>>> print(open('target03.cif').read())   # mmCIF, C-alpha atoms
data_model
#
loop_
_atom_site.label_atom_id
_atom_site.label_comp_id
_atom_site.auth_asym_id
_atom_site.auth_seq_id
_atom_site.Cartn_x
_atom_site.Cartn_y
_atom_site.Cartn_z
CA MET A 1 0.00 0.00 0.00
CA PRO A 2 1.26 3.48 -0.72
CA ASP A 3 2.24 5.53 2.25
CA LYS A 4 0.72 8.86 3.26
CA ALA A 5 3.26 10.90 1.32
CA ALA A 6 2.52 8.96 -1.85
CA LYS A 7 -1.19 9.56 -1.36
CA THR A 8 -0.53 13.29 -0.98
CA ILE A 9 1.53 13.29 -4.18
CA ILE A 10 -1.23 11.48 -6.05
CA ARG A 11 -3.87 13.89 -4.76
CA ARG A 12 -1.70 16.83 -5.72
CA ALA A 13 -1.11 15.38 -9.16
CA ILE A 14 -4.82 14.90 -9.71
CA SER A 15 -5.50 18.39 -8.45
CA CYS A 16 -2.91 19.90 -10.77
CA SER A 17 -4.16 17.87 -13.70
CA SER A 18 -7.74 19.03 -13.08
CA LEU A 19 -6.54 22.60 -12.82
CA LYS A 20 -4.63 22.27 -16.10
CA VAL A 21 -7.71 20.86 -17.89
CA GLY A 22 -9.84 23.64 -16.45
CA VAL A 23 -7.40 26.26 -17.69
CA GLU A 24 -7.36 24.69 -21.19
CA VAL A 25 -11.18 24.65 -21.32
CA LYS A 26 -11.29 28.29 -20.28
CA GLN A 27 -8.68 29.11 -22.90
CA ARG A 28 -10.65 27.28 -25.59
CA ARG A 29 -13.83 29.08 -24.58
CA LYS A 30 -12.04 32.38 -24.69
CA ARG A 31 -10.70 31.68 -28.19
CA SER A 32 -14.22 30.73 -29.44
CA ARG A 33 -15.49 34.27 -29.01
CA VAL A 34 -15.51 36.25 -32.23
CA THR A 35 -15.40 40.03 -31.93
CA PRO A 36 -17.74 42.22 -34.00
CA GLU A 37 -14.74 43.38 -36.03
CA GLN A 38 -13.67 39.80 -36.77
CA LEU A 39 -17.24 38.83 -37.63
CA ALA A 40 -17.57 41.70 -40.08
CA LYS A 41 -14.35 40.62 -41.81
CA LEU A 42 -15.40 36.97 -41.88
CA GLU A 43 -18.76 37.85 -43.44
CA HIS A 44 -16.94 39.93 -46.04
CA TYR A 45 -14.65 37.03 -46.96
CA PHE A 46 -17.56 34.58 -46.90
CA ALA A 47 -19.51 36.68 -49.40
CA SER A 48 -16.70 36.35 -51.94
CA ASP A 49 -15.74 32.74 -51.16
CA ASN A 50 -17.84 30.54 -48.87
CA SER A 51 -15.43 27.58 -49.01
CA PRO A 52 -11.83 28.80 -48.93
CA THR A 53 -8.85 26.46 -49.11
CA SER A 54 -6.93 25.55 -45.97
CA VAL A 55 -4.17 27.95 -47.02
CA LYS A 56 -6.65 30.78 -47.43
CA ARG A 57 -8.28 29.98 -44.08
CA LYS A 58 -4.87 30.07 -42.45
CA ASP A 59 -4.20 33.50 -43.93
CA ILE A 60 -7.58 34.76 -42.75
CA ALA A 61 -7.04 33.36 -39.27
CA SER A 62 -3.59 34.99 -39.10
CA GLU A 63 -4.96 38.33 -40.29
CA LEU A 64 -7.80 38.32 -37.78
CA GLY A 65 -5.80 36.91 -34.88
CA MET A 66 -7.89 33.76 -34.73
CA ASP A 67 -7.07 30.09 -34.38
CA GLU A 68 -7.12 28.26 -37.73
CA ARG A 69 -9.41 25.53 -36.34
CA GLN A 70 -11.76 28.21 -35.02
CA THR A 71 -11.91 29.78 -38.47
CA GLN A 72 -12.63 26.42 -40.08
CA ILE A 73 -15.51 25.76 -37.66
CA TRP A 74 -16.92 29.26 -38.28
CA TYR A 75 -17.00 28.62 -42.04
CA GLN A 76 -18.70 25.24 -41.55
CA ASN A 77 -21.38 26.78 -39.35
CA ARG A 78 -21.82 29.73 -41.68
CA ARG A 79 -22.33 27.45 -44.70
CA ALA A 80 -24.92 25.44 -42.78
CA LYS A 81 -26.73 28.66 -41.86
CA ALA A 82 -26.69 29.86 -45.49
CA LYS A 83 -28.10 26.51 -46.65
CA LEU A 84 -30.90 26.70 -44.10
CA GLN A 85 -31.74 30.29 -45.07
CA LEU A 86 -31.93 29.28 -48.73
CA LYS A 87 -34.24 26.37 -47.89
CA LEU A 88 -36.54 28.59 -45.82
CA LYS A 89 -36.59 31.21 -48.58
CA SER A 90 -37.51 28.54 -51.12
CA ARG A 91 -40.39 27.37 -48.95
CA THR A 92 -41.64 30.95 -48.64
CA VAL A 93 -41.59 31.43 -52.42
CA GLU A 94 -43.46 28.17 -52.98
CA LYS A 95 -46.23 29.18 -50.58
CA LEU A 96 -49.25 29.85 -52.76
CA GLU A 97 -51.17 33.03 -52.14
CA PRO A 98 -54.93 33.33 -52.71
CA PRO A 99 -56.17 35.40 -55.64
CA PRO A 100 -55.82 39.11 -54.82
CA GLU A 101 -59.03 40.91 -53.94
CA SER A 102 -57.94 43.89 -56.01
CA PRO A 103 -55.60 42.64 -58.73
CA PRO A 104 -53.58 45.20 -60.69
CA GLU A 105 -55.47 46.92 -63.43
CA LEU A 106 -54.72 45.87 -66.98
CA ALA A 107 -54.33 48.32 -69.82
CA SER A 108 -57.27 48.42 -72.15
CA GLY A 109 -57.61 50.04 -75.54
CA PHE A 110 -55.97 49.47 -78.88
CA ASP A 111 -52.50 47.99 -79.01
CA ALA A 112 -51.32 48.55 -82.57
CA ASP A 113 -49.95 45.06 -83.22
CA ILE A 114 -52.77 43.20 -81.50
CA HIS A 115 -55.47 45.35 -83.07
CA ALA A 116 -53.98 44.62 -86.49
CA LEU A 117 -54.58 40.93 -85.78
CA ILE A 118 -57.99 40.98 -84.12
CA HIS A 119 -59.35 44.10 -85.94
CA GLU A 120 -62.15 44.71 -83.46
CA ASP A 121 -64.20 47.91 -83.70
CA GLU A 122 -64.75 48.21 -79.95
CA GLU A 123 -62.29 48.71 -77.11
CA VAL A 124 -60.94 45.46 -75.68
CA THR A 125 -58.89 44.34 -72.67
CA VAL A 126 -56.22 41.73 -73.40
CA PHE A 127 -55.27 39.13 -70.78
CA PRO A 128 -51.93 37.32 -71.17
CA CYS A 129 -52.07 33.53 -71.06
CA THR A 130 -49.95 30.56 -72.12
CA ASP A 131 -52.47 27.76 -72.69
CA LEU A 132 -56.05 27.21 -73.75
CA THR A 133 -57.56 23.74 -73.30
CA ILE A 134 -60.99 22.54 -74.41
CA GLY A 135 -61.42 18.82 -73.83
CA THR A 136 -58.25 17.29 -75.33
CA TRP A 137 -57.78 20.16 -77.79
CA ARG A 138 -55.03 22.51 -76.70
CA ARG A 139 -53.52 25.71 -78.00
CA MET A 140 -50.34 27.36 -76.70
CA ALA A 141 -49.28 30.98 -76.96
CA SER A 142 -46.13 31.94 -78.86
CA ALA A 143 -44.14 35.01 -79.82
CA GLN A 144 -46.21 35.12 -83.02
CA ARG A 145 -49.34 35.66 -80.91
CA ASP A 146 -51.04 32.45 -81.92
CA LEU A 147 -53.30 32.75 -78.87
CA ILE A 148 -54.86 35.98 -77.60
CA VAL A 149 -57.53 36.25 -74.90
CA TYR A 150 -59.55 39.41 -74.55
CA THR A 151 -62.82 40.81 -73.29
CA CYS A 152 -65.05 43.50 -74.77
CA GLU A 153 -67.26 45.34 -72.32
CA ALA A 154 -69.27 46.98 -75.11
CA LYS A 155 -70.35 43.56 -76.39
CA ARG A 156 -69.99 41.91 -72.95
CA CYS A 157 -68.17 38.93 -74.37
CA LEU A 158 -65.07 36.81 -73.81
CA THR A 159 -63.00 35.88 -76.86
CA TRP A 160 -60.33 33.31 -77.72
CA PHE A 161 -58.35 34.42 -80.79
CA ILE A 162 -56.41 31.65 -82.57
CA ARG A 163 -53.95 31.96 -85.43
CA SER A 164 -53.02 28.78 -87.30
CA GLY A 165 -51.48 28.14 -90.70
CA GLY A 166 -51.41 31.84 -91.49
CA ARG A 167 -55.16 32.20 -90.91
CA SER A 168 -57.05 33.75 -88.03
CA PHE A 169 -60.01 32.35 -86.10
CA LYS A 170 -61.90 33.30 -82.98
CA MET A 171 -64.71 32.10 -80.73
CA GLU A 172 -66.87 34.46 -78.70
CA THR A 173 -68.89 33.73 -75.58
CA LEU A 174 -71.31 36.26 -74.17
CA TYR A 175 -71.04 36.88 -70.42
CA GLU A 176 -74.68 35.83 -70.05
CA HIS A 177 -73.78 32.38 -71.40
CA ILE A 178 -71.06 31.79 -68.78
CA LEU A 179 -72.51 29.72 -65.96
CA GLU A 180 -69.42 29.71 -63.77
CA SER A 181 -65.87 31.05 -63.75
CA ARG A 182 -63.18 29.89 -61.34
CA PHE A 183 -59.57 30.83 -60.59
CA ALA A 184 -56.95 28.64 -58.88
CA ASN A 185 -53.22 28.85 -58.18
CA ILE A 186 -51.30 25.97 -59.72
CA SER A 187 -47.68 27.03 -59.06
CA PRO A 188 -45.85 30.15 -57.85
CA GLY A 189 -47.02 33.06 -60.00
CA ILE A 190 -49.05 30.82 -62.33
CA GLY A 191 -52.80 30.33 -62.20
CA SER A 192 -55.63 28.69 -64.07
CA ALA A 193 -59.04 30.05 -65.01
CA SER A 194 -61.90 27.77 -65.99
CA PHE A 195 -65.23 28.73 -67.54
CA ALA A 196 -68.36 26.59 -67.63
CA LEU A 197 -70.55 27.60 -70.56
CA GLU A 198 -74.30 27.36 -70.91
CA ARG A 199 -73.99 26.84 -74.67
CA PRO A 200 -71.22 26.60 -77.28
CA PRO A 201 -69.47 29.82 -78.29
CA THR A 202 -69.95 31.47 -81.67
CA PHE A 203 -67.18 30.56 -84.13
CA TYR A 204 -65.63 32.91 -86.67
CA MET A 205 -63.00 32.76 -89.37
CA GLU A 206 -61.23 35.70 -90.97
CA ASN A 207 -61.99 36.47 -94.63
CA LEU A 208 -60.85 39.07 -97.14
CA VAL A 209 -63.30 41.60 -98.53
CA ASP A 210 -61.49 41.49 -101.89
CA PRO A 211 -59.33 38.36 -102.29
CA THR A 212 -57.74 39.79 -105.45
CA LEU A 213 -55.98 42.39 -103.32
CA GLY A 214 -54.34 39.76 -101.15
CA GLU A 215 -52.91 41.08 -97.88
CA ASP A 216 -53.91 44.63 -98.84
CA SER A 217 -57.59 43.73 -98.74
CA PRO A 218 -59.72 44.79 -95.76
CA ARG A 219 -60.71 41.85 -93.57
CA PHE A 220 -63.85 40.87 -91.77
CA TRP A 221 -65.04 38.18 -89.38
CA GLN A 222 -67.42 35.63 -90.86
CA VAL A 223 -69.50 33.30 -88.71
CA CYS A 224 -68.63 29.67 -89.43
CA GLY A 225 -68.84 26.16 -88.01
CA ASP A 226 -66.74 24.74 -85.18
CA TRP A 227 -63.12 24.60 -86.36
CA THR A 228 -61.66 22.95 -83.24
CA GLU A 229 -60.35 19.37 -83.36
CA GLY A 230 -63.26 16.93 -83.24
CA MET A 231 -65.60 19.90 -82.76
CA GLN A 232 -64.70 19.89 -79.06
CA GLY A 233 -65.43 23.60 -78.88
CA THR A 234 -69.08 22.61 -79.24
CA THR A 235 -69.21 19.37 -77.26
CA GLN A 236 -66.94 20.41 -74.36
CA LEU A 237 -68.47 23.32 -72.49
CA ARG A 238 -65.71 23.86 -69.93
CA HIS A 239 -62.75 25.88 -71.17
CA HIS A 240 -59.46 26.23 -69.29
CA LEU A 241 -56.76 28.91 -69.42
CA VAL A 242 -53.29 28.90 -67.86
CA GLY A 243 -51.18 32.02 -67.41
CA PRO A 244 -50.02 34.74 -64.99
CA ALA A 245 -51.97 34.39 -61.75
CA TYR A 246 -52.85 38.05 -61.12
CA GLN A 247 -54.07 38.65 -64.66
CA LEU A 248 -56.20 35.51 -64.81
CA SER A 249 -57.71 36.21 -61.41
CA SER A 250 -58.53 39.68 -62.69
CA LEU A 251 -60.18 38.14 -65.74
CA VAL A 252 -62.35 35.88 -63.57
CA ASN A 253 -63.30 38.75 -61.27
CA SER A 254 -64.24 40.97 -64.21
CA ILE A 255 -66.85 38.57 -65.59
CA THR A 256 -70.34 38.37 -64.12
CA PRO A 257 -71.76 34.94 -64.99
CA SER A 258 -75.41 34.46 -65.85
CA GLY A 259 -77.90 33.74 -63.13
#
>>> encode(input="target03.cif", output="structure tokens")
Amino acid sequence: MPDKAAKTIIRRAISCSSLKVGVEVKQRRKRSRVTPEQLAKLEHYFASDNSPTSVKRKDIASELGMDERQTQIWYQNRRAKAKLQLKLKSRTVEKLEPPPESPPELASGFDADIHALIHEDEEVTVFPCTDLTIGTWRRMASAQRDLIVYTCEAKRCLTWFIRSGGRSFKMETLYEHILESRFANISPGIGSASFALERPPTFYMENLVDPTLGEDSPRFWQVCGDWTEGMQGTTQLRHHLVGPAYQLSSLVNSITPSG
């Protein structure tokens, strides 16, 4: 058995060891504090390079009077924070908002290019959209304005204008023949508008007043039969639009269905 002196030495050794560990912990805790000045510099460096090399981190640590390991841990934590912020931001963007009660007003009147295509006598309001679907028949908008949607308050009607194969067509539905109109968000910034009709729309095709004049001839709209694929414009009485959410919600809000 160890004698009393040995026991004292052991106790002293343990006591000194504990003291040494305590001092090291305190030192580590002291080194972990980042001053506002250091933080500002770190954020500046992070903005230009969020994953510096070990050599670069060593230079930064030396410049700021920090431990290299401390700098490495700060960068790891800062990258994790940035990733979390990006994820939360993405979730916020994806959150769908309900249709606005007072959507932004749309310009009405005569746009020179559009009026040249639709050649309406009355003032119209054009609503941007990307898709029109009736049953399985679908039309998509393009830079050539193959699909134009507009309303005319003077005639109280909703019109789909279609251009195909160099020819123009349109179908008109009077407000009083719209049983129901609905708007729904389908993705961030994109909405859909659907219209249930009481009866098929009126179909038109563009004709020339004097065919011998070609493109110089005045044009007029002539009532015709259903020109949609499989005559779905007549048999399918629910029409769907896809496009910018605010504008389509404005379109739905601007129409007073029958009944």
>>> residues_around(input="target03.cif", residues="Asp49 (chain A)", least_positions_apart="6", cutoff="12 Å", atoms="only C-alpha atoms", output="PyMOL selection string")
chain A and resi 42-43+56-57+60+75+78-79
>>> resolve_selection(input="target03.cif", expression="the PyMOL selection byres ((chain A and resi 204-217) around 12)", output="ChimeraX atom specification")
/A:116-120,159-164,166-173,201-203,218-228
>>> axis_aligned_box(input="target03.cif", around="region 205-220 of chain A", padding_each_side="8 Å", output="lines of an AutoDock Vina configuration file")
center_x = -58.4
center_y = 38.8
center_z = -97.4
size_x = 26.9
size_y = 28.0
size_z = 32.1
>>> atom_distance(input="target03.cif", atom1="CA of Pro244 (chain A)", atom2="CA of Leu174 (chain A)")
23.2 Å
>>> atom_distance(input="target03.cif", atom1="CA of Arg199 (chain A)", atom2="CA of Thr234 (chain A)")
7.9 Å
>>> residues_around(input="target03.cif", residues="region 176-178 of chain A", least_positions_apart="6", cutoff="12 Å", atoms="all atoms listed in the file", output="ChimeraX atom specification")
/A:155-158,194-202,237-239,252,255-259
>>> resolve_selection(input="target03.cif", expression="the PyMOL selection byres ((chain A and resi 122) around 8)", output="list in words")
Glu120, Asp121, Glu123, Val124, Cys152 and Ala154 of chain A
>>> closest_residue(input="target03.cif", among="A:Lys83, A:Asp146, A:Ile186, A:Val242", to="Thr130 (chain A)", atoms="all atoms listed in the file")
A:Val242
>>> atom_distance(input="target03.cif", atom1="CA of Ile190 (chain A)", atom2="CA of Ser142 (chain A)")
16.8 Å
>>> closest_residue(input="target03.cif", among="A:Asn50, A:Lys58, A:Gly189, A:Gly65", to="Ala80 (chain A)", atoms="all atoms listed in the file")
A:Asn50
>>> resolve_selection(input="target03.cif", expression="the PyMOL selection byres ((chain A and resi 66) around 12)", output="list in words")
Arg28, Lys30, Arg31, Ser32, Arg33, Val34, Thr35, Glu37, Gln38, Leu39, Lys41, Leu42, Arg57, Lys58, Asp59, Ile60, Ala61, Ser62, Glu63, Leu64, Gly65, Asp67, Glu68, Arg69, Gln70, Thr71, Gln72, Ile73 and Trp74 of chain A
>>> decode(input="target03.cif", residues="region 73-88 of chain A", atoms="N, CA, C and O atoms", output="mmCIF file, in the first residue's frame")
data_model
loop_
_atom_site.group_PDB
_atom_site.id
_atom_site.type_symbol
_atom_site.label_atom_id
_atom_site.label_comp_id
_atom_site.auth_asym_id
_atom_site.auth_seq_id
_atom_site.Cartn_x
_atom_site.Cartn_y
_atom_site.Cartn_z
ATOM 1 N N ILE A 73 -14.209 26.050 -38.253
ATOM 2 C CA ILE A 73 -15.515 25.757 -37.664
ATOM 3 C C ILE A 73 -16.506 26.874 -37.985
ATOM 4 O O ILE A 73 -17.670 26.617 -38.288
ATOM 5 N N TRP A 74 -16.025 28.130 -37.960
ATOM 6 C CA TRP A 74 -16.921 29.257 -38.280
ATOM 7 C C TRP A 74 -17.444 29.123 -39.709
ATOM 8 O O TRP A 74 -18.634 29.320 -39.955
ATOM 9 N N TYR A 75 -16.583 28.782 -40.648
ATOM 10 C CA TYR A 75 -16.999 28.620 -42.039
ATOM 11 C C TYR A 75 -17.996 27.471 -42.185
ATOM 12 O O TYR A 75 -18.977 27.577 -42.936
ATOM 13 N N GLN A 76 -17.769 26.376 -41.487
ATOM 14 C CA GLN A 76 -18.703 25.241 -41.554
ATOM 15 C C GLN A 76 -20.082 25.643 -41.051
ATOM 16 O O GLN A 76 -21.106 25.344 -41.683
ATOM 17 N N ASN A 77 -20.110 26.338 -39.915
ATOM 18 C CA ASN A 77 -21.381 26.776 -39.349
ATOM 19 C C ASN A 77 -22.069 27.812 -40.236
ATOM 20 O O ASN A 77 -23.292 27.797 -40.392
ATOM 21 N N ARG A 78 -21.238 28.676 -40.827
ATOM 22 C CA ARG A 78 -21.822 29.732 -41.678
ATOM 23 C C ARG A 78 -22.414 29.137 -42.954
ATOM 24 O O ARG A 78 -23.459 29.604 -43.435
ATOM 25 N N ARG A 79 -21.775 28.110 -43.519
ATOM 26 C CA ARG A 79 -22.327 27.453 -44.703
ATOM 27 C C ARG A 79 -23.630 26.742 -44.372
ATOM 28 O O ARG A 79 -24.590 26.759 -45.161
ATOM 29 N N ALA A 80 -23.692 26.107 -43.208
ATOM 30 C CA ALA A 80 -24.918 25.435 -42.782
ATOM 31 C C ALA A 80 -26.052 26.452 -42.598
ATOM 32 O O ALA A 80 -27.202 26.194 -42.972
ATOM 33 N N LYS A 81 -25.725 27.612 -42.050
ATOM 34 C CA LYS A 81 -26.729 28.661 -41.859
ATOM 35 C C LYS A 81 -27.241 29.171 -43.203
ATOM 36 O O LYS A 81 -28.443 29.369 -43.389
ATOM 37 N N ALA A 82 -26.303 29.374 -44.156
ATOM 38 C CA ALA A 82 -26.693 29.859 -45.486
ATOM 39 C C ALA A 82 -27.600 28.848 -46.184
ATOM 40 O O ALA A 82 -28.571 29.220 -46.851
ATOM 41 N N LYS A 83 -27.298 27.558 -46.038
ATOM 42 C CA LYS A 83 -28.103 26.510 -46.651
ATOM 43 C C LYS A 83 -29.506 26.495 -46.067
ATOM 44 O O LYS A 83 -30.508 26.351 -46.795
ATOM 45 N N LEU A 84 -29.602 26.672 -44.755
ATOM 46 C CA LEU A 84 -30.903 26.697 -44.096
ATOM 47 C C LEU A 84 -31.705 27.918 -44.530
ATOM 48 O O LEU A 84 -32.917 27.824 -44.788
ATOM 49 N N GLN A 85 -31.047 29.072 -44.630
ATOM 50 C CA GLN A 85 -31.735 30.288 -45.067
ATOM 51 C C GLN A 85 -32.284 30.135 -46.480
ATOM 52 O O GLN A 85 -33.395 30.562 -46.776
ATOM 53 N N LEU A 86 -31.496 29.503 -47.360
ATOM 54 C CA LEU A 86 -31.932 29.279 -48.732
ATOM 55 C C LEU A 86 -33.137 28.355 -48.780
ATOM 56 O O LEU A 86 -34.084 28.571 -49.544
ATOM 57 N N LYS A 87 -33.135 27.325 -47.940
ATOM 58 C CA LYS A 87 -34.240 26.371 -47.886
ATOM 59 C C LYS A 87 -35.513 27.047 -47.398
ATOM 60 O O LYS A 87 -36.598 26.841 -47.955
ATOM 61 N N LEU A 88 -35.382 27.880 -46.358
ATOM 62 C CA LEU A 88 -36.545 28.586 -45.820
ATOM 63 C C LEU A 88 -37.082 29.589 -46.827
ATOM 64 O O LEU A 88 -38.298 29.753 -46.973
#
